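Chemist: My structure is stored as my_file-v2.txt, with compact mmCIF, C-alpha atoms (C1' of nucleotides).
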# COMPACT_ATOMS: atom_id res chain seq x y z
CA MET A 1 -75.00 13.58 50.13
CA SER A 2 -74.85 16.88 50.72
CA GLU A 3 -72.39 19.42 49.88
CA PRO A 4 -70.50 20.46 52.95
CA GLU A 5 -70.38 24.19 53.17
CA VAL A 6 -66.70 24.66 53.63
CA THR A 7 -65.50 28.04 54.65
CA ALA A 8 -62.81 29.99 52.86
CA PHE A 9 -60.09 28.55 55.04
CA GLN A 10 -61.01 24.97 54.31
CA ASP A 11 -61.25 25.76 50.65
CA ARG A 12 -57.70 27.13 50.77
CA VAL A 13 -56.35 24.10 52.59
CA TYR A 14 -57.97 21.69 50.19
CA GLY A 15 -56.96 23.85 47.27
CA ALA A 16 -53.29 23.93 48.25
CA LEU A 17 -53.38 20.25 49.05
CA SER A 18 -55.07 19.52 45.78
CA ARG A 19 -52.18 21.19 43.93
CA ILE A 20 -49.70 18.79 45.46
CA PRO A 21 -48.50 16.35 42.77
CA ARG A 22 -48.45 12.65 43.41
CA GLY A 23 -45.29 11.30 44.97
CA CYS A 24 -44.82 14.54 46.87
CA VAL A 25 -45.58 15.40 50.45
CA THR A 26 -45.82 18.58 52.45
CA THR A 27 -45.97 19.50 56.10
CA TYR A 28 -48.76 21.11 58.08
CA ALA A 29 -46.65 24.17 58.82
CA ARG A 30 -45.64 24.66 55.18
CA LEU A 31 -49.14 24.11 53.96
CA GLY A 32 -50.39 26.56 56.56
CA GLN A 33 -47.89 29.16 55.44
CA SER A 34 -48.86 28.55 51.86
CA ILE A 35 -52.43 29.48 52.57
CA GLY A 36 -51.43 32.46 54.67
CA CYS A 37 -51.85 30.84 58.04
CA ASN A 38 -49.09 30.59 60.56
CA SER A 39 -50.53 27.74 62.52
CA ALA A 40 -50.11 24.18 61.44
CA ARG A 41 -52.80 23.24 63.90
CA ALA A 42 -55.45 25.13 62.03
CA VAL A 43 -54.49 23.20 58.90
CA GLY A 44 -54.57 19.92 60.77
CA GLN A 45 -58.02 20.71 62.03
CA ALA A 46 -59.28 21.44 58.56
CA LEU A 47 -57.81 18.18 57.34
CA ARG A 48 -59.10 16.30 60.31
CA ARG A 49 -62.63 17.28 59.42
CA ASN A 50 -61.89 16.56 55.81
CA PRO A 51 -65.47 16.86 54.54
CA PHE A 52 -64.07 16.14 51.12
CA ALA A 53 -62.22 12.95 51.95
CA PRO A 54 -61.00 10.94 50.24
CA ARG A 55 -61.20 13.64 47.63
CA VAL A 56 -58.60 15.52 49.56
CA PRO A 57 -55.24 13.75 49.64
CA CYS A 58 -54.76 14.50 53.30
CA HIS A 59 -52.42 11.56 53.38
CA ARG A 60 -49.88 13.68 51.53
CA VAL A 61 -49.49 15.93 54.53
CA ILE A 62 -47.01 14.95 57.22
CA ALA A 63 -45.54 16.55 60.29
CA ALA A 64 -42.59 18.93 60.17
CA ASP A 65 -40.26 16.35 61.68
CA LEU A 66 -41.01 14.03 58.76
CA SER A 67 -43.27 11.92 60.91
CA LEU A 68 -46.55 10.65 59.51
CA GLY A 69 -48.57 12.99 61.65
CA GLY A 70 -52.16 11.84 61.73
CA PHE A 71 -54.85 10.42 59.54
CA SER A 72 -58.55 9.85 59.72
CA GLY A 73 -58.71 11.79 62.94
CA GLN A 74 -56.18 9.58 64.64
CA ARG A 75 -52.56 10.39 65.38
CA GLU A 76 -51.60 6.75 65.65
CA GLY A 77 -52.87 3.25 65.08
CA ALA A 78 -54.09 1.48 61.99
CA ALA A 79 -54.99 4.85 60.50
CA LEU A 80 -51.32 5.70 60.12
CA ASP A 81 -50.76 2.32 58.59
CA ARG A 82 -53.24 3.25 55.90
CA LYS A 83 -51.61 6.61 55.36
CA LEU A 84 -48.22 4.97 55.06
CA ALA A 85 -49.61 2.50 52.55
CA LEU A 86 -51.05 5.35 50.50
CA LEU A 87 -47.78 7.26 50.53
CA VAL A 88 -45.77 4.20 49.63
CA SER A 89 -48.26 3.52 46.89
CA GLU A 90 -47.44 6.94 45.51
CA GLY A 91 -43.74 6.33 45.56
CA VAL A 92 -43.05 8.02 48.86
CA VAL A 93 -41.07 5.61 50.95
CA PHE A 94 -41.09 5.80 54.70
CA SER A 95 -38.84 4.09 57.18
CA GLU A 96 -39.42 3.59 60.87
CA GLY A 97 -42.45 5.81 60.50
CA ARG A 98 -40.42 8.66 59.02
CA LEU A 99 -39.93 9.94 55.51
CA VAL A 100 -36.82 8.38 53.99
CA ASP A 101 -36.49 10.84 51.17
CA PRO A 102 -37.03 14.38 52.43
CA THR A 103 -36.40 15.53 48.89
CA ARG A 104 -40.02 14.58 48.19
CA LEU A 105 -41.03 17.40 50.50
CA ILE A 106 -42.37 20.24 48.42
CA THR A 107 -43.28 23.78 49.27
CA PRO A 108 -46.74 24.63 48.00
CA PRO A 109 -46.88 27.97 46.21
CA VAL A 110 -48.57 30.75 48.04
CA ALA A 111 -52.15 30.33 47.03
CA ARG A 112 -52.81 34.04 47.36
CA CYS A 113 -54.90 35.16 44.51
CA ARG A 114 -55.29 32.53 41.97
C1' DG B 1 -33.25 11.00 72.56
C1' DA B 2 -37.37 11.99 74.95
C1' DG B 3 -40.82 14.66 77.13
C1' DT B 4 -43.00 18.82 78.01
C1' DC B 5 -44.78 23.36 77.11
C1' DA B 6 -46.53 27.14 74.44
C1' DT B 7 -48.93 29.40 70.65
C1' DT B 8 -52.21 30.04 67.20
C1' DC B 9 -56.55 29.21 64.40
C1' DG B 10 -60.72 27.31 63.35
C1' DT B 11 -64.95 25.40 64.77
C1' DT B 12 -69.17 25.13 67.21
C1' DG B 13 -73.15 26.10 70.57
C1' DC C 1 -70.35 36.41 71.54
C1' DA C 2 -67.69 33.05 73.93
C1' DA C 3 -65.33 28.66 74.87
C1' DC C 4 -63.08 24.39 73.52
C1' DG C 5 -60.29 21.53 71.04
C1' DA C 6 -56.64 20.29 67.68
C1' DA C 7 -53.60 15.37 62.56
C1' DT C 8 -48.02 20.84 65.58
C1' DG C 9 -43.89 22.99 66.51
C1' DA C 10 -40.20 24.06 69.17
C1' DC C 11 -37.48 24.00 73.38
C1' DT C 12 -35.18 22.17 77.15
C1' DC C 13 -32.93 18.60 80.19
Any chance you could put this one into structure tokens?

Modeler:
Amino acid sequence: MSEPEVTAFQDRVYGALSRIPRGCVTTYARLGQSIGCNSARAVGQALRRNPFAPRVPCHRVIAADLSLGGFSGQREGAALDRKLALLVSEGVVFSEGRLVDPTRLITPPVARCR
DNA sequence: GAGTCATTCGTTG
DNA sequence: CAACGAATGACTC
């Protein structure tokens, strides 16, 4: 073990993600905006590294088009199957690989200054 | 509906 | 300091 030295950005991503209640999901773009970043890619990268997994519920983050997005560093394959299982386990139902209830999409508060 | 393109940000060596 | 890569997003045909 070792404690990964996460930079401020990663800390923000994990912090915002950590404030997401169970049964709720958010998108990379929204999460990025919540932490003050305009790029969903930057958020995805931080999650992809996920030095705090499974501590960080990265499976609660999906793409803007309600698609699963990616998981475990893979955009498709069994990894998504795991992500889907986790989401379904939380009460978030998906259909055809897409979120069935977009109402579960939440907008994380702007984690500006705690 | 599908595919392609563009942009931005963070990370690392 | 510089270069590369990325779990996206949006647009167009």

Chemist: Smallest atom-to-atom distance to chain B: which of A:Thr26, A:Ser18, A:Ser67, A:Asn38, using all atoms listed in the file?

Modeler: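 Comparing A:Thr26, A:Ser18, A:Ser67, A:Asn38 against chain B, the winner is A:Asn38.
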
Chemist: How would you write as a ChimeraX atom specification the residues that get within 12 Å of (-68.9, 27.9, 63.3) in the file's frame, counting only C-alpha atoms (C1' of nucleotides)?

Modeler: /A:5-7 /B:10-13 /C:1-2

Chemist: What is the distance, in Å and to one decimal place, between CA of Tyr14 (chain A) and CA of Ala64 (chain A)?

Modeler: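 Interatomic distance, CA of Tyr14 (chain A) to CA of Ala64 (chain A): 18.5 Å.
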
Chemist: Measuring atom to atom with only C-alpha atoms, identify which of A:Leu47, A:Ala63, A:Val92, A:Leu86 is nearest to Arg30 (chain A).

Modeler: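 Of A:Leu47, A:Ala63, A:Val92, A:Leu86, the one nearest Arg30 (chain A) is A:Ala63, counting only C-alpha atoms.
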
Chemist: Which residues come within 12 Å of DT4 (chain B), counting only C-alpha atoms (C1' of nucleotides), excluding same-chain residues fewer than 3 positions away, as a ChimeraX atom specification?

Modeler: /C:10-13

Chemist: Could you save those same residues with C-alpha atoms (C1' of nucleotides) as a PDB file, in the coordinates of the input?

Modeler:
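Contents of selection-v7.pdb, freshly written:
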ATOM      1  C1'  DA C  10     -40.200  24.060  69.170  1.00  0.00           C
ATOM      2  C1'  DC C  11     -37.480  24.000  73.380  1.00  0.00           C
ATOM      3  C1'  DT C  12     -35.180  22.170  77.150  1.00  0.00           C
ATOM      4  C1'  DC C  13     -32.930  18.600  80.190  1.00  0.00           C
TER       5       DC C  13
END

Chemist: Would you tabulate, counting only C-alpha atoms (C1' of nucleotides), all residues of chain A that have an atom at most 12 Å from an atom of chain C, showing the closest pair of atoms and their distance in Å to one decimal, sorted by chain then ascending number, as a tab-separated table?

Modeler:
residue	atom	partner	partner_atom	distance
A:Thr27	CA	C:DT8	C1'	9.8
A:Tyr28	CA	C:DT8	C1'	7.5
A:Ala29	CA	C:DT8	C1'	7.7
A:Arg30	CA	C:DT8	C1'	11.3
A:Gly32	CA	C:DT8	C1'	10.9
A:Asn38	CA	C:DG9	C1'	11.0
A:Ser39	CA	C:DT8	C1'	8.0
A:Ala40	CA	C:DT8	C1'	5.7
A:Arg41	CA	C:DT8	C1'	5.6
A:Ala42	CA	C:DA6	C1'	7.5
A:Val43	CA	C:DA7	C1'	8.7
A:Gly44	CA	C:DA7	C1'	5.0
A:Gln45	CA	C:DA6	C1'	5.8
A:Ala46	CA	C:DA7	C1'	9.2
A:Leu47	CA	C:DA7	C1'	7.3
A:Arg48	CA	C:DA7	C1'	6.0
A:Arg49	CA	C:DA7	C1'	9.7
A:Asn50	CA	C:DA7	C1'	10.8
A:Cys58	CA	C:DA7	C1'	9.4
A:His59	CA	C:DA7	C1'	10.0
A:Arg60	CA	C:DA7	C1'	11.8
A:Val61	CA	C:DA7	C1'	9.0
A:Ile62	CA	C:DA7	C1'	8.5
A:Ala63	CA	C:DT8	C1'	7.2
A:Ala64	CA	C:DG9	C1'	7.6
A:Asp65	CA	C:DG9	C1'	9.0
A:Leu66	CA	C:DT8	C1'	11.9
A:Ser67	CA	C:DA7	C1'	11.0
A:Leu68	CA	C:DA7	C1'	9.0
A:Gly69	CA	C:DA7	C1'	5.6
A:Gly70	CA	C:DA7	C1'	3.9
A:Phe71	CA	C:DA7	C1'	5.9
A:Ser72	CA	C:DA7	C1'	7.9
A:Gly73	CA	C:DA7	C1'	6.3
A:Gln74	CA	C:DA7	C1'	6.7
A:Arg75	CA	C:DA7	C1'	5.8
A:Glu76	CA	C:DA7	C1'	9.4
A:Ala79	CA	C:DA7	C1'	10.8
A:Leu80	CA	C:DA7	C1'	10.2
A:Lys83	CA	C:DA7	C1'	11.5

Chemist: I'd like the interatomic distance between CA of Pro109 (chain A) and CA of Val25 (chain A), to a tenth of an Å.

Modeler: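 If I compute the distance from CA of Pro109 (chain A) to CA of Val25 (chain A), I get 13.3 Å.
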
Chemist: Since the input lacks atoms, please generate N, CA, C and O atoms for region 89-112 of chain A and provide them as an mmCIF file, in the coordinates of the input.

Modeler:
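Final output, out03.cif:
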data_model
loop_
_atom_site.group_PDB
_atom_site.id
_atom_site.type_symbol
_atom_site.label_atom_id
_atom_site.label_comp_id
_atom_site.auth_asym_id
_atom_site.auth_seq_id
_atom_site.Cartn_x
_atom_site.Cartn_y
_atom_site.Cartn_z
ATOM 1 N N SER A 89 -47.617 3.810 48.176
ATOM 2 C CA SER A 89 -48.260 3.520 46.890
ATOM 3 C C SER A 89 -47.994 4.643 45.897
ATOM 4 O O SER A 89 -48.036 4.457 44.694
ATOM 5 N N GLU A 90 -47.710 5.798 46.400
ATOM 6 C CA GLU A 90 -47.440 6.940 45.510
ATOM 7 C C GLU A 90 -45.964 7.070 45.192
ATOM 8 O O GLU A 90 -45.550 7.902 44.419
ATOM 9 N N GLY A 91 -45.169 6.251 45.835
ATOM 10 C CA GLY A 91 -43.740 6.330 45.560
ATOM 11 C C GLY A 91 -42.991 6.979 46.709
ATOM 12 O O GLY A 91 -41.776 7.091 46.706
ATOM 13 N N VAL A 92 -43.705 7.392 47.708
ATOM 14 C CA VAL A 92 -43.050 8.020 48.860
ATOM 15 C C VAL A 92 -42.741 6.924 49.881
ATOM 16 O O VAL A 92 -43.632 6.315 50.452
ATOM 17 N N VAL A 93 -41.465 6.695 50.048
ATOM 18 C CA VAL A 93 -41.070 5.610 50.950
ATOM 19 C C VAL A 93 -40.809 6.130 52.358
ATOM 20 O O VAL A 93 -40.148 7.138 52.558
ATOM 21 N N PHE A 94 -41.299 5.418 53.298
ATOM 22 C CA PHE A 94 -41.090 5.800 54.700
ATOM 23 C C PHE A 94 -40.295 4.701 55.394
ATOM 24 O O PHE A 94 -40.321 3.545 54.999
ATOM 25 N N SER A 95 -39.607 5.087 56.433
ATOM 26 C CA SER A 95 -38.840 4.090 57.180
ATOM 27 C C SER A 95 -38.949 4.377 58.674
ATOM 28 O O SER A 95 -38.763 5.483 59.121
ATOM 29 N N GLU A 96 -39.282 3.407 59.419
ATOM 30 C CA GLU A 96 -39.420 3.590 60.870
ATOM 31 C C GLU A 96 -40.488 4.638 61.173
ATOM 32 O O GLU A 96 -40.452 5.305 62.172
ATOM 33 N N GLY A 97 -41.395 4.821 60.268
ATOM 34 C CA GLY A 97 -42.450 5.810 60.500
ATOM 35 C C GLY A 97 -42.003 7.210 60.125
ATOM 36 O O GLY A 97 -42.639 8.197 60.433
ATOM 37 N N ARG A 98 -40.881 7.310 59.405
ATOM 38 C CA ARG A 98 -40.420 8.660 59.020
ATOM 39 C C ARG A 98 -40.105 8.679 57.538
ATOM 40 O O ARG A 98 -39.756 7.688 56.939
ATOM 41 N N LEU A 99 -40.218 9.822 56.936
ATOM 42 C CA LEU A 99 -39.930 9.940 55.510
ATOM 43 C C LEU A 99 -38.452 9.655 55.247
ATOM 44 O O LEU A 99 -37.571 10.198 55.885
ATOM 45 N N VAL A 100 -38.212 8.750 54.297
ATOM 46 C CA VAL A 100 -36.820 8.380 53.990
ATOM 47 C C VAL A 100 -36.209 9.390 53.048
ATOM 48 O O VAL A 100 -35.037 9.709 53.131
ATOM 49 N N ASP A 101 -37.009 9.898 52.158
ATOM 50 C CA ASP A 101 -36.490 10.840 51.170
ATOM 51 C C ASP A 101 -37.114 12.221 51.360
ATOM 52 O O ASP A 101 -38.127 12.549 50.779
ATOM 53 N N PRO A 102 -36.509 13.028 52.179
ATOM 54 C CA PRO A 102 -37.030 14.380 52.430
ATOM 55 C C PRO A 102 -37.052 15.218 51.159
ATOM 56 O O PRO A 102 -37.671 16.285 51.121
ATOM 57 N N THR A 103 -36.421 14.767 50.155
ATOM 58 C CA THR A 103 -36.400 15.530 48.890
ATOM 59 C C THR A 103 -37.802 15.511 48.277
ATOM 60 O O THR A 103 -38.121 16.292 47.405
ATOM 61 N N ARG A 104 -38.649 14.618 48.726
ATOM 62 C CA ARG A 104 -40.020 14.580 48.190
ATOM 63 C C ARG A 104 -40.849 15.657 48.867
ATOM 64 O O ARG A 104 -41.974 15.898 48.540
ATOM 65 N N LEU A 105 -40.281 16.326 49.828
ATOM 66 C CA LEU A 105 -41.030 17.400 50.500
ATOM 67 C C LEU A 105 -41.079 18.615 49.585
ATOM 68 O O LEU A 105 -40.052 19.102 49.140
ATOM 69 N N ILE A 106 -42.243 19.087 49.313
ATOM 70 C CA ILE A 106 -42.370 20.240 48.420
ATOM 71 C C ILE A 106 -42.980 21.426 49.171
ATOM 72 O O ILE A 106 -43.647 21.263 50.165
ATOM 73 N N THR A 107 -42.704 22.581 48.658
ATOM 74 C CA THR A 107 -43.280 23.780 49.270
ATOM 75 C C THR A 107 -44.394 24.309 48.383
ATOM 76 O O THR A 107 -44.138 24.831 47.319
ATOM 77 N N PRO A 108 -45.600 24.160 48.786
ATOM 78 C CA PRO A 108 -46.740 24.630 48.000
ATOM 79 C C PRO A 108 -46.652 26.126 47.749
ATOM 80 O O PRO A 108 -46.337 26.885 48.636
ATOM 81 N N PRO A 109 -46.898 26.563 46.550
ATOM 82 C CA PRO A 109 -46.880 27.970 46.210
ATOM 83 C C PRO A 109 -47.919 28.736 47.013
ATOM 84 O O PRO A 109 -48.933 28.211 47.396
ATOM 85 N N VAL A 110 -47.636 29.956 47.252
ATOM 86 C CA VAL A 110 -48.570 30.750 48.040
ATOM 87 C C VAL A 110 -49.872 30.944 47.255
ATOM 88 O O VAL A 110 -49.948 31.686 46.294
ATOM 89 N N ALA A 111 -50.855 30.241 47.726
ATOM 90 C CA ALA A 111 -52.150 30.330 47.030
ATOM 91 C C ALA A 111 -52.845 31.650 47.347
ATOM 92 O O ALA A 111 -53.916 31.704 47.888
ATOM 93 N N ARG A 112 -52.228 32.706 47.063
ATOM 94 C CA ARG A 112 -52.810 34.040 47.360
ATOM 95 C C ARG A 112 -54.001 34.255 46.436
ATOM 96 O O ARG A 112 -55.045 33.738 46.580
#
